[in-house]
Each structure stands twice: as C-alpha cells, then as structure tokens.
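*Asks:* Take a look at the following structure, please.
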Amino acid sequence: MASKASKTLNGNEIEALAIRLDEAQTGVHDTLSLADDVDLGIDDAYRIQEVLVGRRQERGESLVGVKLGFTSKAKMAQMGVSDVIVGRLTDAMCVEDGGELDLHRFIHPKIEPEIAYRLSQDVDLDDPTVDIESCVDAVAPAMEIIDSRYRDFRFTYTDVVADNTSAAAYVIGPWRPVRPVGDLAVRLAAGDASVTGSTAAILDDPVNALHALLDMSRRRRIPLRAGDVVLAGAATAAIPLTAGLAECEIDGLGRVTVKGIA
Ligand code: 0L1
Ligand code: MG
C-alpha cells in the first residue's frame with residue numbers, strides 16, 4: 001500500500017500524536033496504531049517523529065546518529081514500499097558493549113543484528129558530488145533493540161516512521177577501520193532464541209545503506225555530522241530480547257554483547 005505524500009495534519013494534531021507516542025515510551029505501555037484514528041501521510045509521519053525526538057532532546061538527550069529500517073527486500077515487500085525509513089538515535093539509547101540493559105525500560109523489546117558505520121566528517125547534503133563512503137572511517141558489529149510503541153508490533157508504514165522507527169536502544173562492538181562488508185555470516189542469540197543470516201540482507205551490501213541514507217537525508221533534511229553513528233539495518237529478523245546474555249557475531253568483524261536484566 002503506497003502512502004500519501006501530503007501534509008494533512010495541523011501543528012496541534014502533530015503534537016498530540018507525538019505526545020501519545022512519547023507517553024507510551026516513557027510510561028512503558030503500548031498504544032494502538034495512529035492510522036486507526038487519522039489518515040497519516042508520510043510527510044506528517046516524519047513531522048511527528050521530529051516532534052517526538054525533540055521531546056527527548058528537551059529532556060536532555062543528544063542526537064548521536066541515525067538508523068535505517070526496512071532495508072531488507074522481504075520487509076519492503078511485506079510493507080508494500082520501496083523506500084527505506086530513517087530514525088534518530090540519542091545518547092540515552094546507547095549501551096556499552098558487554099553492558100547491562102534494564103528490560104523494565106521496554107514494552108516488548110526485540111533485538112536484531114546490525115552493521116554500524118561511523119561518520120568522520122559532516123556530510124554536505126546540498127553538494128551533489130558528495131561521496132558518502134569517503135565520509136565514513138569505521139565499521140563495527142552492532143545490535144539494535146527495537147520496541148515498537150504499538151500494541152503487538154501492529155503498525156502501518158507511516159505509523160512506524162512516526163514512532164521513530166521503533167528505536168529503543170543499541171550496542172556497538174569494537175570499531176575497526178572501514179572496509180568492504182558485502183556478504184558476511186551473522187549469528188545472533190538471545191535467551192533461547194537464535195537466528196543466522198548474512199549482512200547481504202541489508203540492501204545486498206550494507207554500503208548501499210549509506211547511499212540510501214544520503215538520499216533520505218537530503219529529502220528529509222536530516223543532518224549527518226562527524227562522529228554520528230549509522231545503523232545500516234537488520235541483517236536478520238529480530239528476536240525477543242529476554243533476561244540474560246544477547247550476543248551477535250559477524251564473521252570478520254567481531255562480536256558484541258549485552259546482558260538483559262529483568
Ligand atoms: O530497525 C528496523 O529494522 C526498523 C524496525 C521497524 C519495524 C519494527 O519495529 O519491526
Ligand atoms: Mg534496526
């Protein structure tokens with residue numbers, strides 16, 4: 001199903017929907033799809049996301065990067081879209097490698113394996129010749145914790161954009177100088193669940209996520225700054241995050257772990 005591109009909601013409506021999602025996250029309770037109540041176009045969804053993330057900044061959180069979603073062709077086909085989605089990462093979402101994560105912060109967390117890139121310089125979105133790959137200096141194995149604020153992860157394409165693409169937390173393993181990733185084997189385990197896959201599930205090669213990000217950042221005016229982290233997208237389906245160790249290993253890149261505390 002294609003989404004509408006027009007802005008249809010006024011500022012008060014945008015604010016009210018952002019508050020609804022913000023209160024779901026801070027109060028650790030789910031909410032129903034916004035699309036049940038409003039006709040939500042993609043431009044309005046990104047406006048809600050901006051207000052939602054702005055409320056985090058008002059609470060003292062800093063923007064530290066971006067994340068991509070729907071980077072697998074299977075997920076795009078499932079959602080009936082051909083575009084990736086972009087969400088924002090804040091410092092409060094970052095957990096150190098090997099660290100602990102209080103699961104009471106989340107509604108129904110899932111975890112997924114990711115490739116992280118680090119930007120070494122600001123990206124000039126208005127320069128048509130900019131080479132996004134040359135703006136990256138490091139790559140790392142990573143995991144993202146997604147925690148849709150929608151009941152049972154039931155959402156539309158525009159719902160999930162408004163909800164900052166389900167972003168909840170992330171952990172990054174050892175950085176190493178950037179190098180081609182391509183098709184590397186991936187293993188993720190959390191509690192009794194495990195999954196295997198390949199980094200090629202991310203747009204055939206995670207480097208393509210950088211180009212998709214540049215395109216989306218230009219269209220949505222999302223700044224890309226030196227030091228920013230880029231989560232390129234999930235290499236497998238997400239699995240439930242439960243108490244105990246969650247670990248991800250990516251051949252040739254290394255291992256990253258986090259411990260869920262119930
Ligand atoms: O990080 C992502 O892959 C985006 C996830 C959005 C959809 C979901 O919550 O499953
Ligand atoms: Mg993700």
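As shown in the structure tokens, the chain order sets the letters A, B, ...; within each chain, residues go from 1, and ligands are also counted from 1 in the order they appear.
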Can you check which parts of chain A lie within 10 Å of ligand 1? Per residue, the shortest pair of atoms and distance in Å to one decimal, counting only C-alpha atoms and all ligand atoms, sorted by chain and number, as JSON lines.

*Replies:*
{"residue": "A:Lys67", "atom": "CA", "partner": "ligand 1", "partner_atom_place_in_ligand_line": "1 (O)", "distance": 6.8}
{"residue": "A:Leu68", "atom": "CA", "partner": "ligand 1", "partner_atom_place_in_ligand_line": "1 (O)", "distance": 6.1}
{"residue": "A:Gly69", "atom": "CA", "partner": "ligand 1", "partner_atom_place_in_ligand_line": "4 (C)", "distance": 3.7}
{"residue": "A:Phe70", "atom": "CA", "partner": "ligand 1", "partner_atom_place_in_ligand_line": "3 (O)", "distance": 5.5}
{"residue": "A:Thr71", "atom": "CA", "partner": "ligand 1", "partner_atom_place_in_ligand_line": "3 (O)", "distance": 7.1}
{"residue": "A:Ser72", "atom": "CA", "partner": "ligand 1", "partner_atom_place_in_ligand_line": "3 (O)", "distance": 8.5}
{"residue": "A:Lys75", "atom": "CA", "partner": "ligand 1", "partner_atom_place_in_ligand_line": "3 (O)", "distance": 8.8}
{"residue": "A:Met79", "atom": "CA", "partner": "ligand 1", "partner_atom_place_in_ligand_line": "7 (C)", "distance": 9.8}
{"residue": "A:Val84", "atom": "CA", "partner": "ligand 1", "partner_atom_place_in_ligand_line": "4 (C)", "distance": 9.1}
{"residue": "A:Ile85", "atom": "CA", "partner": "ligand 1", "partner_atom_place_in_ligand_line": "4 (C)", "distance": 7.4}
{"residue": "A:Val86", "atom": "CA", "partner": "ligand 1", "partner_atom_place_in_ligand_line": "4 (C)", "distance": 8.2}
{"residue": "A:Gly87", "atom": "CA", "partner": "ligand 1", "partner_atom_place_in_ligand_line": "4 (C)", "distance": 8.2}
{"residue": "A:Pro109", "atom": "CA", "partner": "ligand 1", "partner_atom_place_in_ligand_line": "9 (O)", "distance": 9.3}
{"residue": "A:Lys110", "atom": "CA", "partner": "ligand 1", "partner_atom_place_in_ligand_line": "10 (O)", "distance": 8.3}
{"residue": "A:Ile111", "atom": "CA", "partner": "ligand 1", "partner_atom_place_in_ligand_line": "1 (O)", "distance": 9.2}
{"residue": "A:Glu112", "atom": "CA", "partner": "ligand 1", "partner_atom_place_in_ligand_line": "3 (O)", "distance": 7.7}
{"residue": "A:Pro113", "atom": "CA", "partner": "ligand 1", "partner_atom_place_in_ligand_line": "3 (O)", "distance": 9.5}
{"residue": "A:Glu114", "atom": "CA", "partner": "ligand 1", "partner_atom_place_in_ligand_line": "1 (O)", "distance": 8.7}
{"residue": "A:Met143", "atom": "CA", "partner": "ligand 1", "partner_atom_place_in_ligand_line": "1 (O)", "distance": 9.8}
{"residue": "A:Glu144", "atom": "CA", "partner": "ligand 1", "partner_atom_place_in_ligand_line": "1 (O)", "distance": 6.9}
{"residue": "A:Ile145", "atom": "CA", "partner": "ligand 1", "partner_atom_place_in_ligand_line": "1 (O)", "distance": 8.0}
{"residue": "A:Ile146", "atom": "CA", "partner": "ligand 1", "partner_atom_place_in_ligand_line": "9 (O)", "distance": 5.7}
{"residue": "A:Asp147", "atom": "CA", "partner": "ligand 1", "partner_atom_place_in_ligand_line": "9 (O)", "distance": 6.3}
{"residue": "A:Ser148", "atom": "CA", "partner": "ligand 1", "partner_atom_place_in_ligand_line": "9 (O)", "distance": 5.0}
{"residue": "A:Arg149", "atom": "CA", "partner": "ligand 1", "partner_atom_place_in_ligand_line": "9 (O)", "distance": 8.6}
{"residue": "A:Tyr150", "atom": "CA", "partner": "ligand 1", "partner_atom_place_in_ligand_line": "9 (O)", "distance": 8.8}
{"residue": "A:Asp152", "atom": "CA", "partner": "ligand 1", "partner_atom_place_in_ligand_line": "9 (O)", "distance": 9.9}
{"residue": "A:Phe153", "atom": "CA", "partner": "ligand 1", "partner_atom_place_in_ligand_line": "9 (O)", "distance": 6.3}
{"residue": "A:Arg154", "atom": "CA", "partner": "ligand 1", "partner_atom_place_in_ligand_line": "9 (O)", "distance": 8.8}
{"residue": "A:Phe155", "atom": "CA", "partner": "ligand 1", "partner_atom_place_in_ligand_line": "7 (C)", "distance": 8.3}
{"residue": "A:Thr156", "atom": "CA", "partner": "ligand 1", "partner_atom_place_in_ligand_line": "7 (C)", "distance": 9.4}
{"residue": "A:Tyr157", "atom": "CA", "partner": "ligand 1", "partner_atom_place_in_ligand_line": "7 (C)", "distance": 8.6}
{"residue": "A:Asp159", "atom": "CA", "partner": "ligand 1", "partner_atom_place_in_ligand_line": "7 (C)", "distance": 9.7}
{"residue": "A:Val160", "atom": "CA", "partner": "ligand 1", "partner_atom_place_in_ligand_line": "6 (C)", "distance": 6.1}
{"residue": "A:Val161", "atom": "CA", "partner": "ligand 1", "partner_atom_place_in_ligand_line": "6 (C)", "distance": 8.0}
{"residue": "A:Asp163", "atom": "CA", "partner": "ligand 1", "partner_atom_place_in_ligand_line": "6 (C)", "distance": 8.8}
{"residue": "A:Asn164", "atom": "CA", "partner": "ligand 1", "partner_atom_place_in_ligand_line": "6 (C)", "distance": 8.4}
{"residue": "A:Thr165", "atom": "CA", "partner": "ligand 1", "partner_atom_place_in_ligand_line": "6 (C)", "distance": 4.7}
{"residue": "A:Ser166", "atom": "CA", "partner": "ligand 1", "partner_atom_place_in_ligand_line": "9 (O)", "distance": 4.7}
{"residue": "A:Ala167", "atom": "CA", "partner": "ligand 1", "partner_atom_place_in_ligand_line": "1 (O)", "distance": 6.6}
{"residue": "A:Ala168", "atom": "CA", "partner": "ligand 1", "partner_atom_place_in_ligand_line": "1 (O)", "distance": 9.4}
{"residue": "A:Ile202", "atom": "CA", "partner": "ligand 1", "partner_atom_place_in_ligand_line": "3 (O)", "distance": 9.9}
{"residue": "A:Leu231", "atom": "CA", "partner": "ligand 1", "partner_atom_place_in_ligand_line": "1 (O)", "distance": 8.2}
{"residue": "A:Ala232", "atom": "CA", "partner": "ligand 1", "partner_atom_place_in_ligand_line": "1 (O)", "distance": 8.6}
{"residue": "A:Gly233", "atom": "CA", "partner": "ligand 1", "partner_atom_place_in_ligand_line": "3 (O)", "distance": 5.5}
{"residue": "A:Ala234", "atom": "CA", "partner": "ligand 1", "partner_atom_place_in_ligand_line": "3 (O)", "distance": 5.3}
{"residue": "A:Ala235", "atom": "CA", "partner": "ligand 1", "partner_atom_place_in_ligand_line": "3 (O)", "distance": 8.9}
{"residue": "A:Thr236", "atom": "CA", "partner": "ligand 1", "partner_atom_place_in_ligand_line": "3 (O)", "distance": 9.2}
{"residue": "A:Ala237", "atom": "CA", "partner": "ligand 1", "partner_atom_place_in_ligand_line": "3 (O)", "distance": 8.4}
{"residue": "A:Ala238", "atom": "CA", "partner": "ligand 1", "partner_atom_place_in_ligand_line": "10 (O)", "distance": 7.3}

*Asks:* Take the residues from that selection and put them in a file with C-alpha atoms, as an mmCIF file, in the first residue's frame.

*Replies:*
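File produced: out26.cif:
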data_model
loop_
_atom_site.group_PDB
_atom_site.id
_atom_site.type_symbol
_atom_site.label_atom_id
_atom_site.label_comp_id
_atom_site.auth_asym_id
_atom_site.auth_seq_id
_atom_site.Cartn_x
_atom_site.Cartn_y
_atom_site.Cartn_z
ATOM 1 C CA LYS A 67 19.261 4.294 11.889
ATOM 2 C CA LEU A 68 17.751 2.745 8.809
ATOM 3 C CA GLY A 69 14.846 0.341 8.701
ATOM 4 C CA PHE A 70 13.132 -1.727 6.031
ATOM 5 C CA THR A 71 16.497 -2.372 4.399
ATOM 6 C CA SER A 72 15.615 -5.958 3.584
ATOM 7 C CA LYS A 75 10.426 -6.378 4.640
ATOM 8 C CA MET A 79 5.119 -3.329 3.856
ATOM 9 C CA VAL A 84 13.972 2.670 3.500
ATOM 10 C CA ILE A 85 12.884 4.502 6.655
ATOM 11 C CA VAL A 86 15.100 6.644 8.866
ATOM 12 C CA GLY A 87 15.009 7.137 12.627
ATOM 13 C CA PRO A 109 11.767 -5.486 23.226
ATOM 14 C CA LYS A 110 13.279 -7.362 20.329
ATOM 15 C CA ILE A 111 16.900 -7.408 19.257
ATOM 16 C CA GLU A 112 18.430 -7.541 15.791
ATOM 17 C CA PRO A 113 21.951 -7.714 14.355
ATOM 18 C CA GLU A 114 23.199 -4.625 12.563
ATOM 19 C CA MET A 143 22.784 -4.828 17.804
ATOM 20 C CA GLU A 144 19.652 -2.741 17.876
ATOM 21 C CA ILE A 145 16.862 -3.111 20.395
ATOM 22 C CA ILE A 146 13.557 -2.231 18.785
ATOM 23 C CA ASP A 147 10.496 -1.651 20.951
ATOM 24 C CA SER A 148 7.543 -0.549 18.878
ATOM 25 C CA ARG A 149 5.193 1.530 20.938
ATOM 26 C CA TYR A 150 2.302 -0.088 19.035
ATOM 27 C CA ASP A 152 1.695 -6.336 19.266
ATOM 28 C CA PHE A 153 4.029 -4.546 16.809
ATOM 29 C CA ARG A 154 0.934 -3.871 14.669
ATOM 30 C CA PHE A 155 1.646 -0.764 12.629
ATOM 31 C CA THR A 156 1.480 0.760 9.177
ATOM 32 C CA TYR A 157 4.472 2.124 7.276
ATOM 33 C CA ASP A 159 2.960 4.612 11.963
ATOM 34 C CA VAL A 160 6.456 3.197 12.343
ATOM 35 C CA VAL A 161 8.083 6.313 10.889
ATOM 36 C CA ASP A 163 7.341 6.127 16.175
ATOM 37 C CA ASN A 164 10.982 6.890 15.326
ATOM 38 C CA THR A 165 11.207 3.521 13.555
ATOM 39 C CA SER A 166 10.786 1.587 16.853
ATOM 40 C CA ALA A 167 14.232 2.789 18.018
ATOM 41 C CA ALA A 168 14.821 1.953 21.683
ATOM 42 C CA ILE A 202 20.971 -5.258 4.140
ATOM 43 C CA LEU A 231 22.914 1.729 11.980
ATOM 44 C CA ALA A 232 22.606 0.322 8.471
ATOM 45 C CA GLY A 233 19.654 -2.021 9.056
ATOM 46 C CA ALA A 234 18.887 -5.506 10.294
ATOM 47 C CA ALA A 235 20.782 -8.487 8.877
ATOM 48 C CA THR A 236 18.102 -10.955 10.089
ATOM 49 C CA ALA A 237 14.622 -10.860 11.547
ATOM 50 C CA ALA A 238 14.510 -9.534 15.118
#

*Asks:* What residues in region 70-242 of chain A get the DSSP label strand (DSSP E)? Please answer as an MDAnalysis selection string.

*Replies:* chainID A and resid 85:90 94:95 100:102 110:119 136:146 167:172 176:177 185:190 193:198 229:234 239:240

*Asks:* From the set A:Cys94, A:Leu253, A:Ala116, A:Val38, which residue has the shortest atom-to-atom contact distance to ligand 2, counting only C-alpha atoms and all ligand atoms?

*Replies:*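 Looking only at the distances to ligand 2, the closest residue turns out to be A:Ala116.
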
*Asks:* Which is closest to Leu213 (chain A) among A:Cys248, A:Ala45, A:Ala77, A:Val230, if we use only C-alpha atoms?

*Replies:*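 So, comparing all the options, the nearest one is A:Val230.
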
*Asks:* Determine which residues of region 36-262 of chain A DSSP labels as alpha helix (DSSP H) from the backbone of this structure, then write them out as JSON, numbers by chain.

*Replies:* {"A": [42, 43, 44, 45, 46, 47, 48, 49, 50, 51, 52, 53, 54, 55, 56, 57, 58, 73, 74, 75, 76, 77, 78, 79, 157, 158, 159, 160, 161, 162, 207, 208, 209, 210, 211, 212, 213, 214, 215, 216, 217, 218, 219, 220]}

*Asks:* Between A:Ala262, A:Leu101, A:Leu17, A:Ala209, which is the closest to ligand 2 once you count only C-alpha atoms and all ligand atoms?

*Replies:* A:Ala209

*Asks:* One decimal, Å: what's the distance from atom 1 (Mg, counted along the ligand's line) of ligand 2 over to CA of Glu50 (chain A), could you say?

*Replies:* 18.4 Å

*Asks:* Name the residues in contact with Ala193 (chain A) at a cut-off of 12 Å, using only C-alpha atoms, excluding same-chain residues fewer than 3 positions from it; report them as an MDAnalysis selection string.

*Replies:* chainID A and resid 110:112 187:190 196 237:247
